[in-house]
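Structure, as structure tokens:
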Amino acid sequence: MKLFDVYSLYDIEPVKGIGNHVFTEDGTEYLDLYGGHAVISVGHAHPHYVDAVARQVAELGFYSNSVINSLQERLADRLGKISEYDDYALFLCNSGAEANENAMKLASFSTGRRKILAFNNAFHGRTSGAVAATDNPAIQAPFNKTSNVDFVALNDLKAMKDALSTKEYAAAIIEGIQGVAGIHEPSTEFMQQLAEECKKTGTLLILDEIQSGYGRSGKFFAHQHHNVKPDIITCAKGIANGFPMGAVLISSEIEAKKGMLGTTFGGNHLACAAAIAVLDIIEDEKLIDNAASVGQYLIEELKKMPKISDVRGRGLMIGFEVDGFTGSDLRKKLLFDHHIFTGGAGKMTVRILPALNLSKKDADIFLSELKKAIAEP
């Protein structure tokens with residue numbers, strides 16, 4: 001049996017990771033500024049994380065959600081406090097797409113409405129409902145195309161208000177910062193007006209913080225930069241530092257009846273141990289503050305660099321474009337010639353999504369190598 005083709009593969013296999021560095025079998029070292037799509041939030045092989053996961057798997061790796069799991073309660077308590085959403089309920093699942101799928105389903109249950117409002121260039125996942133709310137026809141099979149999702153332009157106040165005025169939407173779903181689209185952020189005015197219009201029209205506001213959450217933007221959630229409080233928040237990626245996990249935070253104003261949502265693997269013992277360890281490290285090492293300060297340093301230095309035409313983002317969620325290079329060409333040059341992992345978005349954008357413990361020293365190594373790569377023929 002051969003593997004199904006998923007992505008175009010670079011001819012490199014990391015076999016070991018430490019902090020913000022990964023290594024191949026022959027010992028070649030790479031600076032990891034992508035964290036496997038923003039998943040590695042506290043660094044590779046952090047000792048506390050490794051110990052927590054190892055201890056848990058030696059005790060009990062899994063049992064179903066038909067019995068009490070006190071680790072879920074501990075995670076809910078910790079996450080509520082650090083995120084400042086103590087009064088919300090927590091539903092645990094396995095991925096970002098699953099979190100968004102359940103969030104939209106819950107909004108439809110709660111409002112009795114069937115339609116969702118989404119935004120141009122959005123990416124919410126690859127499961128049926130999530131891909132329908134994703135503005136990318138290339139990943140929508142005929143089965144996924146429905147008349148229940150409408151799209152309007154991000155930051156277009158009039159289009160958003162006109163759409164919501166029909167009062168036919170169960171929810172509006174928006175990313176804290178659009179990642180796959182190339183690091184594009186809703187303005188504060190747009191986010192606040194969206195929250196206001198949702199409240200006025202009985203539409204639930206879903207904040208997709210799957211890539212932009214968990215401290216990446218310099219606040220726990222990116223929408224907290226805009227002083228809004230959504231009805232539902234979705235998380236994944238950095239929540240468990242590589243262990244598959246997703247979460248839905250649900251306002252107390254939404255009634256979640258037993259049986260409305262369900263999962264076999266979601267919130268299992270091993271996933272919860274991993275997620276609790278992540279919160280321990282984020283708090284103990286003040287990683288949200290680090291993401292804000294090192295991220296701001298990177299953004300300021302990138303803006304000074306010759307040939308860089310645009311820099312966007314907050315914290316350690318950064319996109320930039322370089323004159324004379326496609327994003328793909330520059331990423332390959334950085335990877336193969338300078339031993340630095342970066343990500344891409346669209347044709348031109350390079351994405352930086354390192355672990356939140358990125359040091360200024362490693363940031364300077366990246367800036368130095370990037371400068372060389374840009375200057376090379």
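Identifiers in the structure tokens: chain A, B, ... in order shown; residue index from 1 per chain; ligand index from 1 in order shown.
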Neighbour list for Val228 of chain A as a PyMOL selection string, cut-off 12 Å, only C-alpha atoms, skip fewer than 6 positions in-chain: chain A and resi 176+187-196+198-199+205-207+221-222
Residue list (strand (DSSP E or B), DSSP) for segment 216-293 of chain A, as a count of residues only: 9
Nearest-residue call for Leu60 of chain A, choices A:Ala153, A:Cys272, A:Cys235, A:Met245, using only C-alpha atoms: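 Ranked by minimum distance to Leu60 of chain A, first place goes to A:Cys272.
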Determine, using only C-alpha atoms, which residues of segment 182-299 of chain A have any atom at most 10 Å from an atom of segment 119-141 of chain A, and tabulate each with its shortest atom pair and distance in Å to one decimal place, rows ordered by chain and then rising number, as CSV.
```
residue,atom,partner,partner_atom,distance
A:Gly182,CA,A:Asn121,CA,9.1
A:His184,CA,A:Asn121,CA,9.4
A:Asp208,CA,A:His124,CA,7.4
A:Glu209,CA,A:His124,CA,9.9
A:Ile210,CA,A:His124,CA,8.6
A:Gln211,CA,A:His124,CA,10.0
```
Residues within 8 Å of Ile183 of chain A, only C-alpha atoms, excluding chain neighbours under 6 positions, as a PyMOL selection string: chain A and resi 177+312-313+317-319+351
Who sits within 6 Å of Ala99 of chain A, only C-alpha atoms, same chain under 2 positions skipped, as a VMD selection string: chain A and resid 96 to 97 101 to 102 234 246 to 248
Could you take the residues named above and write them with all heavy atoms, as a short mmCIF file (atom, residue, chain, number, x, y, z; two decimals), in the first residue's frame?
```
data_model
loop_
_atom_site.label_atom_id
_atom_site.label_comp_id
_atom_site.auth_asym_id
_atom_site.auth_seq_id
_atom_site.Cartn_x
_atom_site.Cartn_y
_atom_site.Cartn_z
N GLY A 96 -9.20 21.30 14.64
CA GLY A 96 -9.80 22.60 14.39
C GLY A 96 -11.04 22.51 13.53
O GLY A 96 -12.05 23.19 13.78
N ALA A 97 -10.99 21.69 12.49
CA ALA A 97 -12.17 21.53 11.63
C ALA A 97 -13.34 21.00 12.43
O ALA A 97 -14.48 21.46 12.29
CB ALA A 97 -11.84 20.59 10.48
N GLU A 101 -16.88 22.78 13.02
CA GLU A 101 -18.08 22.03 12.65
C GLU A 101 -19.08 22.03 13.80
O GLU A 101 -20.28 22.29 13.63
CB GLU A 101 -17.68 20.60 12.29
CG GLU A 101 -18.74 19.79 11.61
CD GLU A 101 -18.69 19.90 10.09
OE1 GLU A 101 -17.66 20.36 9.55
OE2 GLU A 101 -19.68 19.52 9.47
N ASN A 102 -18.61 21.73 15.00
CA ASN A 102 -19.49 21.69 16.16
C ASN A 102 -19.97 23.07 16.56
O ASN A 102 -21.11 23.22 17.03
CB ASN A 102 -18.77 21.00 17.33
CG ASN A 102 -18.80 19.49 17.21
OD1 ASN A 102 -19.83 18.86 17.44
ND2 ASN A 102 -17.67 18.90 16.84
N THR A 234 -13.43 28.87 18.95
CA THR A 234 -12.86 27.57 18.61
C THR A 234 -11.34 27.61 18.70
O THR A 234 -10.71 28.60 18.34
CB THR A 234 -13.29 27.11 17.20
OG1 THR A 234 -12.93 28.10 16.23
CG2 THR A 234 -14.79 26.89 17.16
N GLY A 246 -8.91 19.64 19.81
CA GLY A 246 -9.63 20.87 19.49
C GLY A 246 -10.55 21.20 20.64
O GLY A 246 -10.80 20.36 21.53
N ALA A 247 -11.08 22.41 20.65
CA ALA A 247 -11.95 22.83 21.74
C ALA A 247 -12.93 23.88 21.26
O ALA A 247 -12.63 24.66 20.35
CB ALA A 247 -11.14 23.38 22.92
N VAL A 248 -14.11 23.87 21.88
CA VAL A 248 -15.12 24.90 21.64
C VAL A 248 -15.48 25.52 22.98
O VAL A 248 -15.89 24.81 23.91
CB VAL A 248 -16.39 24.30 20.98
CG1 VAL A 248 -17.37 25.40 20.61
CG2 VAL A 248 -16.03 23.46 19.75
#
```
Quick one: DSSP alpha helix (DSSP H) residues in segment 238-315 of chain A, as a compact mmCIF listing (two decimals) with C-alpha atoms, in the first residue's frame?
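The new file out21.txt reads:
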```txt
# COMPACT_ATOMS: atom_id res chain seq x y z
CA HIS A 269 -6.82 11.49 29.19
CA LEU A 270 -3.64 11.78 27.16
CA ALA A 271 -4.84 14.84 25.24
CA CYS A 272 -5.88 16.59 28.44
CA ALA A 273 -2.54 15.87 30.12
CA ALA A 274 -0.78 17.38 27.10
CA ALA A 275 -3.06 20.45 27.08
CA ILE A 276 -2.64 21.07 30.82
CA ALA A 277 1.15 20.88 30.43
CA VAL A 278 0.95 23.47 27.64
CA LEU A 279 -0.92 25.89 29.91
CA ASP A 280 1.60 25.25 32.71
CA ILE A 281 4.46 26.24 30.40
CA ILE A 282 2.66 29.24 28.88
CA GLU A 283 2.01 30.62 32.38
CA ASP A 284 5.29 29.68 34.08
CA LEU A 287 5.14 32.95 26.79
CA ILE A 288 2.31 35.29 25.80
CA ASP A 289 4.46 38.26 26.80
CA ASN A 290 7.37 36.69 24.93
CA ALA A 291 5.27 36.25 21.79
CA ALA A 292 4.26 39.91 21.96
CA SER A 293 7.79 41.26 22.49
CA VAL A 294 9.78 38.98 20.17
CA GLY A 295 7.03 39.21 17.56
CA GLN A 296 7.05 43.00 17.65
CA TYR A 297 10.84 42.97 17.35
CA LEU A 298 10.64 40.72 14.28
CA ILE A 299 7.94 42.85 12.64
CA GLU A 300 9.93 46.07 13.18
CA GLU A 301 13.17 44.52 11.86
CA LEU A 302 11.45 42.99 8.83
CA LYS A 303 9.97 46.37 7.91
CA LYS A 304 13.51 47.84 7.81
```
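Comparing A:Lys237, A:Lys167, A:Lys333, A:His339 by their smallest distance to Leu33 of chain A, the closest is A:His339 (using only C-alpha atoms).
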Counting only C-alpha atoms, the residue of A:Pro142, A:Gly259, A:Gly19, A:Gly179 that sits nearest Gly343 of chain A: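 Result for the nearest residue to Gly343 of chain A: A:Gly179.
Minimum atom-to-atom distances from A:Phe366, A:Leu330, A:Leu71, A:Thr201 to Gln56 of chain A were compared using only C-alpha atoms, and the lowest value belongs to A:Leu71.
Residue nearest Val50 of chain A within the list A:Leu90, A:Ile116, A:Val152, A:Ile18: A:Ile18 [criterion: smallest interatomic distance, only C-alpha atoms].
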Nearest residue to Pro14 of chain A from the set A:Gln224, A:Ser165, A:Thr28, A:Asn94 (distances using only C-alpha atoms):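 Closest candidate: A:Thr28.
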Pick out the residues sitting within 12 Å of Thr326 of chain A, and hand them over as an mmCIF file with C-alpha atoms, in the first residue's frame; count only C-alpha atoms, and ignore anything fewer than 3 positions along from it in its own chain.
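Here's the written file result_10.cif:
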```cif
data_model
loop_
_atom_site.group_PDB
_atom_site.id
_atom_site.type_symbol
_atom_site.label_atom_id
_atom_site.label_comp_id
_atom_site.auth_asym_id
_atom_site.auth_seq_id
_atom_site.Cartn_x
_atom_site.Cartn_y
_atom_site.Cartn_z
ATOM 1 C CA ILE A 308 10.508 43.426 1.797
ATOM 2 C CA PHE A 320 5.703 39.108 4.678
ATOM 3 C CA GLU A 321 6.407 39.478 0.965
ATOM 4 C CA VAL A 322 9.726 40.100 -0.784
ATOM 5 C CA ASP A 323 10.190 41.836 -4.119
ATOM 6 C CA ASP A 329 10.932 30.177 -3.994
ATOM 7 C CA LEU A 330 12.045 32.069 -0.910
ATOM 8 C CA ARG A 331 10.859 29.301 1.413
ATOM 9 C CA LYS A 332 12.875 26.715 -0.549
ATOM 10 C CA LYS A 333 15.965 28.908 -0.488
ATOM 11 C CA GLY A 344 3.597 29.983 2.967
ATOM 12 C CA ALA A 345 0.217 31.475 2.077
ATOM 13 C CA GLY A 346 -0.903 32.025 -1.476
ATOM 14 C CA LYS A 347 1.706 32.743 -4.124
ATOM 15 C CA MET A 348 3.715 35.521 -2.501
ATOM 16 C CA THR A 349 3.483 35.373 1.299
ATOM 17 C CA VAL A 350 5.968 33.739 3.667
ATOM 18 C CA ILE A 374 17.316 38.023 -0.275
#
```
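The neighbours of Glu253 of chain A here are the residues that come within 12 Å of it, using only C-alpha atoms and leaving out any residue fewer than 6 positions away in the same chain; they are Asp87, Tyr88, Ala89, Ala107, Ser110, Thr111, Leu204, Pro230, Asp231 and Ile232 of chain A.
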Can you write just those residues out, N, CA, C and O atoms, as a PDB file, in the first residue's frame?
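Writing done, so here's again_33.pdb:
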```
ATOM      1  N   ASP A  87     -16.550  31.960  32.582  1.00  0.00           N
ATOM      2  CA  ASP A  87     -17.993  31.719  32.602  1.00  0.00           C
ATOM      3  C   ASP A  87     -18.482  30.940  31.386  1.00  0.00           C
ATOM      4  O   ASP A  87     -19.688  30.801  31.189  1.00  0.00           O
ATOM      5  N   TYR A  88     -17.592  30.427  30.561  1.00  0.00           N
ATOM      6  CA  TYR A  88     -17.957  29.664  29.371  1.00  0.00           C
ATOM      7  C   TYR A  88     -17.866  28.157  29.654  1.00  0.00           C
ATOM      8  O   TYR A  88     -17.150  27.732  30.565  1.00  0.00           O
ATOM      9  N   ALA A  89     -18.608  27.366  28.877  1.00  0.00           N
ATOM     10  CA  ALA A  89     -18.503  25.906  28.944  1.00  0.00           C
ATOM     11  C   ALA A  89     -17.482  25.442  27.910  1.00  0.00           C
ATOM     12  O   ALA A  89     -17.259  26.106  26.895  1.00  0.00           O
ATOM     13  N   ALA A 107     -24.606  26.600  16.921  1.00  0.00           N
ATOM     14  CA  ALA A 107     -25.282  27.869  16.620  1.00  0.00           C
ATOM     15  C   ALA A 107     -26.617  27.620  15.929  1.00  0.00           C
ATOM     16  O   ALA A 107     -27.618  28.291  16.205  1.00  0.00           O
ATOM     17  N   SER A 110     -29.089  26.325  18.440  1.00  0.00           N
ATOM     18  CA  SER A 110     -29.482  27.361  19.391  1.00  0.00           C
ATOM     19  C   SER A 110     -30.441  28.382  18.794  1.00  0.00           C
ATOM     20  O   SER A 110     -31.360  28.853  19.472  1.00  0.00           O
ATOM     21  N   THR A 111     -30.245  28.741  17.532  1.00  0.00           N
ATOM     22  CA  THR A 111     -31.055  29.797  16.911  1.00  0.00           C
ATOM     23  C   THR A 111     -32.213  29.261  16.070  1.00  0.00           C
ATOM     24  O   THR A 111     -33.142  30.003  15.745  1.00  0.00           O
ATOM     25  N   LEU A 204     -25.323  34.472  16.283  1.00  0.00           N
ATOM     26  CA  LEU A 204     -24.208  34.160  17.171  1.00  0.00           C
ATOM     27  C   LEU A 204     -22.882  34.471  16.483  1.00  0.00           C
ATOM     28  O   LEU A 204     -22.741  34.268  15.275  1.00  0.00           O
ATOM     29  N   PRO A 230     -17.046  37.116  21.925  1.00  0.00           N
ATOM     30  CA  PRO A 230     -17.905  36.314  21.057  1.00  0.00           C
ATOM     31  C   PRO A 230     -18.777  35.341  21.848  1.00  0.00           C
ATOM     32  O   PRO A 230     -18.565  35.104  23.046  1.00  0.00           O
ATOM     33  N   ASP A 231     -19.733  34.743  21.150  1.00  0.00           N
ATOM     34  CA  ASP A 231     -20.597  33.744  21.770  1.00  0.00           C
ATOM     35  C   ASP A 231     -19.914  32.383  21.822  1.00  0.00           C
ATOM     36  O   ASP A 231     -20.135  31.603  22.750  1.00  0.00           O
ATOM     37  N   ILE A 232     -19.101  32.097  20.823  1.00  0.00           N
ATOM     38  CA  ILE A 232     -18.423  30.801  20.717  1.00  0.00           C
ATOM     39  C   ILE A 232     -16.994  31.046  20.210  1.00  0.00           C
ATOM     40  O   ILE A 232     -16.782  31.875  19.325  1.00  0.00           O
TER      41      ILE A 232
END
```
Shell of 12 Å around Asn20 of chain A, only C-alpha atoms, local chain residues under 6 positions omitted, as a ChimeraX atom specification: /A:29-36,38,40-46,340-342,353-363,365-366
